[in-house]
Structures are given as C-alpha cells and as structure tokens.
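Asks: Here you go, upload_9.txt (compact mmCIF, C-alpha atoms and all ligand atoms):
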# COMPACT_ATOMS: atom_id res chain seq x y z
CA MET A 1 0.00 0.00 0.00
CA GLU A 2 1.36 3.35 -0.95
CA THR A 3 1.22 6.23 1.51
CA PRO A 4 0.76 9.54 -0.29
CA VAL A 5 2.83 12.50 0.86
CA LYS A 6 1.50 16.02 0.38
CA PRO A 7 2.25 19.46 1.79
CA GLY A 8 -0.32 20.26 4.47
CA PHE A 9 -0.18 16.79 6.05
CA ARG A 10 -0.08 16.95 9.84
CA VAL A 11 2.61 14.83 11.50
CA ILE A 12 4.21 13.81 14.79
CA ARG A 13 7.64 12.27 15.41
CA GLY A 14 7.99 8.77 14.00
CA PRO A 15 9.79 5.51 14.78
CA ASP A 16 13.28 6.64 13.67
CA TRP A 17 13.22 10.06 15.33
CA THR A 18 16.64 11.18 16.65
CA TYR A 19 16.26 14.93 16.96
CA LYS A 20 15.62 15.29 20.70
CA ASN A 21 12.86 17.86 21.35
CA GLN A 22 13.12 19.78 18.09
CA ASP A 23 9.40 19.09 17.64
CA GLY A 24 8.56 20.55 21.06
CA GLY A 25 8.40 17.12 22.73
CA LYS A 26 6.65 13.79 22.32
CA GLY A 27 3.14 14.21 20.90
CA TYR A 28 3.72 17.70 19.43
CA ALA A 29 2.24 18.17 15.97
CA GLY A 30 3.68 19.82 12.89
CA THR A 31 2.77 20.56 9.26
CA VAL A 32 4.58 19.34 6.12
CA LEU A 33 5.68 22.43 4.18
CA ARG A 34 7.69 21.07 1.26
CA LEU A 35 8.77 17.87 -0.40
CA HIS A 36 10.66 16.82 -3.49
CA ASP A 37 8.83 17.09 -6.80
CA GLU A 38 9.67 18.01 -10.41
CA ARG A 39 9.35 21.70 -9.65
CA GLN A 40 11.74 21.42 -6.69
CA PRO A 41 14.61 19.40 -8.21
CA HIS A 42 17.17 20.57 -5.64
CA PHE A 43 15.07 19.47 -2.68
CA PRO A 44 16.34 16.07 -1.43
CA LYS A 45 14.24 13.07 -2.43
CA LEU A 46 12.31 11.10 0.21
CA SER A 47 12.64 14.01 2.64
CA VAL A 48 10.22 16.66 3.84
CA LEU A 49 10.45 20.09 5.43
CA VAL A 50 8.22 20.35 8.50
CA GLN A 51 7.11 23.36 10.48
CA TRP A 52 6.37 22.27 14.03
CA ASP A 53 3.54 23.95 15.91
CA ASN A 54 6.15 25.35 18.32
CA GLY A 55 7.59 27.37 15.41
CA ASP A 56 10.76 25.33 14.72
CA LYS A 57 11.48 23.93 11.28
CA GLY A 58 13.49 20.93 10.15
CA LEU A 59 14.22 18.55 7.30
CA TYR A 60 13.24 14.93 8.01
CA ARG A 61 13.45 11.53 6.37
CA ALA A 62 10.32 10.14 4.72
CA GLY A 63 11.97 6.96 3.49
CA TYR A 64 15.42 8.44 2.82
CA ASP A 65 18.00 5.76 3.66
CA GLN A 66 15.15 3.59 5.07
CA GLY A 67 14.52 6.18 7.79
CA TYR A 68 11.03 7.25 8.85
CA ASP A 69 11.18 10.27 11.13
CA LEU A 70 7.48 11.13 11.00
CA ARG A 71 4.02 9.63 11.36
CA ILE A 72 0.91 11.04 9.69
CA ILE A 73 -1.81 12.19 12.11
CA ASP A 74 -3.95 13.95 9.51
CA THR A 75 -3.93 13.91 5.71
CA ALA A 76 -6.24 16.94 5.65
CA ASN A 77 -8.41 16.93 2.55
CA ALA A 78 -5.86 15.10 0.40
CA VAL A 79 -7.85 11.88 0.83
CA CYS A 80 -11.61 11.62 1.12
CA HIS A 81 -13.96 8.66 1.14
CA PRO A 82 -17.10 9.53 -0.80
CA LYS A 83 -20.30 8.01 0.60
CA VAL A 84 -18.50 6.51 3.62
CA TRP A 85 -19.85 8.04 6.81
CA CYS A 86 -18.36 7.72 10.29
CA ASP A 87 -20.37 5.43 12.55
CA GLY A 88 -19.00 7.30 15.59
CA CYS A 89 -19.83 10.95 14.93
CA ASP A 90 -22.05 10.57 11.83
CA VAL A 91 -19.93 12.90 9.70
CA ASP A 92 -21.31 12.05 6.28
CA GLU A 93 -18.03 11.74 4.37
CA ILE A 94 -14.84 10.59 6.09
CA ARG A 95 -11.80 12.71 5.23
CA GLY A 96 -8.24 11.60 5.82
CA MET A 97 -7.66 8.13 7.17
CA ARG A 98 -10.57 5.72 7.38
CA TRP A 99 -10.66 3.06 10.11
CA ARG A 100 -12.68 -0.03 9.26
CA CYS A 101 -13.63 -2.62 11.89
CA THR A 102 -12.67 -6.10 10.69
CA GLU A 103 -15.08 -7.75 13.11
CA CYS A 104 -18.31 -5.88 12.38
CA TYR A 105 -20.20 -5.46 9.12
CA ALA A 106 -19.52 -2.17 7.26
CA PHE A 107 -18.42 -0.24 10.33
CA ASP A 108 -16.11 2.75 9.72
CA LEU A 109 -14.70 5.46 11.96
CA CYS A 110 -12.99 8.77 11.23
CA THR A 111 -9.56 9.34 12.81
CA THR A 112 -10.87 11.50 15.66
CA CYS A 113 -13.43 8.87 16.68
CA TYR A 114 -10.97 5.98 16.32
CA MET A 115 -8.25 7.69 18.35
CA ASN A 116 -10.67 8.81 21.03
CA ASP A 117 -12.04 5.34 21.74
CA GLU A 118 -15.34 5.03 19.90
CA HIS A 119 -16.51 1.42 19.49
CA ASP A 120 -15.28 -1.80 21.12
CA LEU A 121 -11.58 -1.40 22.02
CA SER A 122 -10.88 -5.11 21.59
CA HIS A 123 -11.94 -5.08 17.91
CA ILE A 124 -9.24 -5.07 15.26
CA PHE A 125 -9.37 -2.25 12.73
CA MET A 126 -7.84 -1.77 9.32
CA ARG A 127 -6.33 1.59 8.36
CA VAL A 128 -7.41 2.70 4.89
CA LEU A 129 -5.73 5.66 3.20
CA SER A 130 -6.93 5.21 -0.35
CA SER A 131 -10.34 6.59 -1.29
CA ASP A 132 -11.11 3.47 -3.35
CA LYS A 133 -14.06 1.91 -1.54
CA THR A 134 -12.82 -1.66 -1.94
CA SER A 135 -9.24 -0.96 -0.88
CA MET A 136 -7.71 -2.66 2.11
CA GLY A 137 -5.05 -1.50 4.52
CA PRO A 138 -2.86 -2.85 7.28
CA LYS A 139 -4.56 -4.21 10.38
CA MET A 140 -3.87 -2.75 13.79
CA LEU A 141 -3.40 -4.32 17.19
CA PRO A 142 -6.54 -3.89 19.31
CA ARG A 143 -6.61 -0.45 20.90
CA SER A 144 -7.08 -2.10 24.31
CA SER A 145 -3.47 -3.32 24.11
CA SER A 146 -1.91 -0.23 22.48
CA PRO A 147 -0.35 2.78 24.22
CA ARG A 148 -2.02 6.13 23.64
CA LEU A 149 -0.24 9.46 23.28
CA ALA A 150 -1.59 12.95 24.08
CA LEU A 151 -1.45 15.30 21.08
CA LYS A 152 -0.31 18.86 21.63
CA GLY A 153 0.08 21.93 19.44
CA SER A 154 -2.04 24.58 17.74
CA PHE A 155 -5.29 22.91 18.78
CA ALA A 156 -8.27 24.58 20.47
CA GLY A 157 -7.17 26.56 23.51
CA ALA A 158 -3.59 27.10 22.31
CA LYS A 159 -2.05 30.57 22.69
CA VAL A 160 -0.48 31.45 19.36
CA VAL A 161 1.59 34.15 17.71
CA ARG A 162 1.55 34.94 14.00
CA HIS A 163 4.89 34.75 12.22
CA PRO A 164 5.82 38.36 11.50
CA GLN A 165 7.22 37.53 8.03
CA TRP A 166 3.70 36.64 6.85
CA HIS A 167 2.06 39.64 8.45
CA LYS A 168 4.50 42.52 7.89
CA ARG A 169 1.88 45.23 8.01
CA LEU A 170 0.29 44.17 11.30
CA GLU A 171 1.07 45.97 14.56
CA SER A 172 2.55 43.68 17.20
CA ASP A 173 -0.60 43.65 19.37
CA LYS A 174 -2.46 42.02 16.47
CA LEU A 175 -0.10 39.07 16.33
CA LEU A 176 -1.22 37.28 19.51
CA GLY A 177 -4.32 35.11 19.65
CA THR A 178 -6.06 32.02 20.99
CA VAL A 179 -7.12 29.07 18.84
CA VAL A 180 -10.89 28.63 18.97
CA ARG A 181 -11.32 25.82 16.50
CA HIS A 182 -8.86 23.58 14.71
CA GLY A 183 -9.40 21.68 11.52
CA GLN A 184 -10.08 22.01 7.86
CA THR A 185 -13.27 22.87 6.09
CA LEU A 186 -14.26 21.62 2.66
CA GLU A 187 -12.93 24.78 1.04
CA ASP A 188 -9.48 24.47 2.60
CA LYS A 189 -8.25 21.98 -0.01
CA VAL A 190 -5.06 20.64 1.52
CA ASN A 191 -3.94 22.94 4.32
CA VAL A 192 -5.27 22.51 7.82
CA ARG A 193 -6.24 25.82 9.34
CA ALA A 194 -7.31 27.19 12.68
CA ALA A 195 -9.90 29.75 13.69
CA VAL A 196 -8.01 32.18 15.95
CA GLU A 197 -9.48 34.84 18.23
CA PHE A 198 -7.35 38.00 18.02
CA SER A 199 -7.86 41.22 20.01
CA PHE A 200 -9.76 42.69 17.04
CA GLY A 201 -11.82 39.65 16.06
CA ARG A 202 -11.70 36.14 14.67
CA GLU A 203 -9.70 35.00 11.63
CA ARG A 204 -8.87 31.72 9.93
CA VAL A 205 -5.12 31.17 9.58
CA ASP A 206 -2.92 28.49 8.02
CA LEU A 207 -1.24 26.49 10.79
CA ASN A 208 2.19 27.04 9.24
CA LYS A 209 1.80 30.80 9.66
CA ILE A 210 1.40 30.68 13.44
CA SER A 211 3.32 29.04 16.25
CA CYS A 212 2.07 28.25 19.70
CA THR A 213 3.51 29.72 22.86
CA LEU A 214 1.21 27.58 25.02
CA PRO A 215 0.00 24.35 23.39
CA GLY A 216 -3.62 23.25 23.20
CA SER A 217 -4.76 19.65 23.53
CA GLY A 218 -5.52 17.70 20.36
CA GLY A 219 -6.96 14.66 22.12
CA PHE A 220 -5.13 11.36 21.81
CA VAL A 221 -3.56 9.14 19.17
CA TYR A 222 -2.49 5.53 19.08
CA ALA A 223 0.90 6.49 17.62
CA GLY A 224 1.73 2.92 16.59
CA HIS A 225 -1.44 2.80 14.45
CA LEU A 226 -0.45 5.76 12.30
CA ALA A 227 1.28 5.41 8.93
CA ASN A 228 4.94 6.42 8.74
CA LEU A 229 5.26 9.29 6.29
CA GLY A 230 6.61 7.92 3.01
CA ASP A 231 6.55 4.29 4.12
CA LEU A 232 5.38 1.83 1.46
CA GLU A 233 5.11 -0.76 4.22
CA ARG A 234 6.56 -3.60 2.17
CA VAL A 235 7.89 -6.45 4.27
CA ASN A 236 11.58 -7.25 3.75
CA GLU A 237 14.24 -9.58 5.09
CA GLY A 238 15.39 -8.45 8.51
CA ASP A 239 12.07 -6.78 9.41
CA ASN A 240 10.24 -7.25 12.66
CA VAL A 241 6.68 -8.19 11.78
CA LEU A 242 3.33 -8.66 13.44
CA VAL A 243 0.87 -11.34 12.29
CA THR A 244 -2.38 -9.47 11.72
CA ALA A 245 -4.31 -12.14 9.81
CA THR A 246 -6.84 -13.97 12.00
CA PRO A 247 -6.59 -17.78 12.36
CA ALA A 248 -9.27 -18.22 9.65
CA GLU A 249 -7.49 -15.81 7.30
CA LEU A 250 -4.15 -17.52 7.98
CA GLU A 251 -5.64 -20.82 6.89
CA GLU A 252 -7.10 -19.31 3.72
CA LEU A 253 -3.92 -17.41 2.82
CA HIS A 254 -1.66 -20.43 3.22
CA LYS A 255 -3.77 -23.42 2.19
CA ARG A 256 -3.86 -22.36 -1.46
CA ARG A 257 -0.09 -22.10 -1.51
CA GLY A 258 0.51 -25.40 0.25
CA LEU A 259 2.10 -23.66 3.23
CA TRP A 260 -0.63 -24.27 5.79
CA LYS A 261 0.27 -25.72 9.21
CA PRO A 262 -2.41 -25.77 11.94
CA ASP A 263 0.11 -24.44 14.49
CA MET A 264 0.24 -21.22 12.48
CA THR A 265 -3.00 -20.09 14.19
CA LYS A 266 -0.94 -19.54 17.37
CA THR A 267 1.00 -16.77 15.65
CA PHE A 268 -2.05 -14.45 15.42
CA LEU A 269 -0.95 -11.10 16.91
CA GLU A 270 2.51 -12.53 17.66
CA LYS A 271 5.67 -10.65 16.79
CA GLY A 272 8.14 -12.37 14.51
CA TYR A 273 11.33 -11.75 12.59
CA VAL A 274 11.74 -12.21 8.82
CA LEU A 275 14.73 -14.47 8.18
CA LYS A 276 14.47 -14.77 4.43
CA ARG A 277 12.42 -14.00 1.34
CA THR A 278 11.94 -17.27 -0.54
CA ASN A 279 12.18 -17.62 -4.32
CA THR A 280 8.36 -17.97 -4.45
CA GLY A 281 7.94 -14.54 -2.82
CA ASP A 282 6.92 -15.88 0.59
CA PHE A 283 8.77 -15.11 3.80
CA THR A 284 10.40 -17.36 6.37
CA VAL A 285 9.36 -15.93 9.72
CA THR A 286 10.63 -17.04 13.08
CA PHE A 287 8.65 -16.48 16.29
CA HIS A 288 10.51 -15.98 19.51
CA ASP A 289 7.64 -16.67 21.91
CA SER A 290 6.47 -19.96 20.40
CA GLN A 291 9.94 -20.95 19.08
CA GLU A 292 8.34 -21.78 15.72
CA THR A 293 9.39 -20.93 12.17
CA PHE A 294 6.91 -20.80 9.27
CA ARG A 295 6.91 -19.91 5.60
CA MET A 296 4.28 -17.21 5.32
CA ASN A 297 2.41 -15.04 2.84
CA SER A 298 3.25 -11.34 3.26
CA ALA A 299 -0.49 -10.50 3.25
CA ALA A 300 -0.65 -12.02 6.75
CA LEU A 301 2.14 -9.79 8.05
CA ARG A 302 2.64 -6.18 8.95
CA LYS A 303 5.94 -4.41 9.55
CA TYR A 304 6.25 -3.74 13.23
CA ARG A 305 8.06 -0.90 14.98
CA SER A 306 8.02 0.27 18.58
CA ALA A 307 5.12 2.65 19.17
CA CYS A 308 6.63 5.77 20.71
CA PRO A 309 10.35 6.47 20.75
CA ASP A 310 11.37 8.64 23.69
CA LYS A 311 14.46 10.07 22.03
ZN ZN B 401 -16.14 10.31 13.57
ZN ZN B 402 -16.36 -3.84 15.58
Take the structure from the file and write it as structure tokens.
Replies:
Amino acid sequence: METPVKPGFRVIRGPDWTYKNQDGGKGYAGTVLRLHDERQPHFPKLSVLVQWDNGDKGLYRAGYDQGYDLRIIDTANAVCHPKVWCDGCDVDEIRGMRWRCTECYAFDLCTTCYMNDEHDLSHIFMRVLSSDKTSMGPKMLPRSSSPRLALKGSFAGAKVVRHPQWHKRLESDKLLGTVVRHGQTLEDKVNVRAAVEFSFGRERVDLNKISCTLPGSGGFVYAGHLANLGDLERVNEGDNVLVTATPAELEELHKRRGLWKPDMTKTFLEKGYVLKRTNTGDFTVTFHDSQETFRMNSAALRKYRSACPDK
C-alpha cells in the first residue's frame, strides 16, 4: 500500500526520530511544508520540510535511507472517502484516514473517533488511506493493548503568535491570539487551518503561519497505528513483523499455496522476525515466543516498529 505525501499533512515524530525535542516534545504536531517534486529538483528526495507547531522547522526523512522520522496524524483533505460516513460521529463523508472494523459489518470510523475510543476497544481495525471503496489497509493491534499518546500543538485553547514575516503590516498587538477551533473545512483543499481569536476579532489562519507559545490539547492518538510518512510498508528480510491475519485468514492465505500448518494459528498477533524471502515470494518468519518458524504469505504480516520512541 502506498502512503501519499502532500504538503499540508499533519505529523508527529515517528519511529526513527533522533532529533531530541526539536518538535517541542513527544506528541507535538507539525505541518509538512515542502517535499521533493519536479518543480523542486534541488530538494532532497524522500525528505520533507516540517514546520512544528512550536515554530521550529526541520528537514526529516520520509523513506530516505530507510529512515522514517514522522508519522501522519492527519492527511487533511488530500484523501476523502465519498459516501462513507463515520459510525461514531455521523460525519457524512470521512476525510483523511478511514478506520474499518474487521469484526463488524460495514463499520467505519474517522480518525478523531478511532483515536478517542469510539466502538469496542478489543476489535481489530484496518487503516485505509486510499479513497477506493474496496481498498484494504494494514490491520492494527486492538486499541485495548496499544499505548495512547496525548497530542499537543495549535489545537483549540492554544495561545499562538503569528509569524511576522507573513504579516509585515500588522502591529505587534495584532499578532497574539487564541485558537478557537482547529481543523479544515471543505474549502481548505489541503492545508489545515485554525480559527483564531485576536484582540480585534476572529480570523482563519494556516497552521504554518502561526506558532504556539502555550500548546492546546488535540486529544489522543495511538501512535503505533499511524502510517509512517513515506513508508510503502513492504515487508523485507530483517524486518520485525506482526501477524495481523486472523486464524481463519491464515488458513485461507496459506492453504492455497501449500504452506498451511495448523500451528500457524498460534501466531495471530505474535511478533516475529523475517529471516528470508523465498524464491516464491513468501517469507520465512521465526517467532521468539512460540519458538516456531513458518513460511508465510506477506499479506498475513505487517511491519512492526516500537510505538513511541522517547528520544
Ligand atoms: Zn467520527
Ligand atoms: Zn467492531
């Protein structure tokens, strides 16, 4: 599955983060400003420039040298799911990531509802980024066994200051404000914006044109459930993987290929290590807990990384 990368995406630090508190700290959000494309030939490939909500900027890896410094918390309006409503808040068209329950019939949540614990926490969800209605995505661990992270930044309640370079003609007392509402509207296309209360009234501002002096709360995220920015999520030799196919799916995926062993059902939600890619395109995976080794179909596996680095 390909993860799109667009300016305007909202991000937090990812699994390979090594930049201390450049982002403001764990759980602080930022906005992708620039990435490599044909019009920006000198900008390094597989890298992005991010403006953190605290005002700092940096260049980060989005696949460069196999490094993933960022996770996507919001794709803004870059992805929408026509005619798919959220069963949590009844928004009539999910925008951004779609979360589909794999245990209930046609049950979808928007990111806000999924991350803030709508629906049964023991159910396994699939993360869908593509707007194609039939598309599938990687399956997540149940939320009941996943750590949750508090999001901070230019969310409602944050005290913010406008960047003077964007607002040269404004007097300094018009630069300070408080975020009233955070989030995009249909007209905003890609950029996420905030409604900010200034001394003279309310205005909508692009998040990359303000920085927060006192962060607001953006609710929670299951950081390990978010896509790494730029990650194609293909399983390779040497990867740590998680078995996300259920016992019934494991049987179906492996029987056809003559790889089925009943003991494979024990690997559901187990973590394994990919020893080798076989010449038939399957993977030899070894499981530490059960001391077993199986040849497996990559559709049963998901690349696994630790949820929240503290670096
Ligand atoms: Zn919702
Ligand atoms: Zn369910």
Asks: For the interface of range 80-134 of chain A with range 148-170 of chain A (cut-off 12 Å, counting only C-alpha atoms), please tabulate each contacting residue of range 80-134 of chain A alongside its nearest pair of atoms and their separation in Å to one decimal, rows sorted by chain and increasing number, as a tab-separated table.
Replies:
residue	atom	partner	partner_atom	distance
A:Thr112	CA	A:Leu151	CA	11.5
A:Tyr114	CA	A:Arg148	CA	11.6
A:Met115	CA	A:Arg148	CA	8.3
A:Asn116	CA	A:Arg148	CA	9.4
A:Asp117	CA	A:Arg148	CA	10.2
Asks: Tell me which of A:His288, A:Arg204, A:His225, A:Lys209 sits closest to Lys57 in chain A, counting only C-alpha atoms.
Replies: A:Lys209
Asks: So that I can check the surroundings of Phe200 in chain A, please list as a PyMOL selection string every protein, DNA and RNA residue that reaches within 10 Å of it, counting all atoms listed in the file and ignoring chain neighbours fewer than 6 positions away.
Replies: chain A and resi 173-174+177
Asks: Within 9 Å of Ala194 in chain A, counting all atoms listed in the file, which residues show up once you throw out same-chain ones fewer than 3 positions away? Write them as a PyMOL selection string, please.
Replies: chain A and resi 154-156+179-184+203-207
Asks: Any residue with an atom at most 9 Å from ligand ZN 401 (chain B) counts, using all atoms listed in the file. Which are they? Put them as a PyMOL selection string.
Replies: chain A and resi 85-91+94+108-114+118
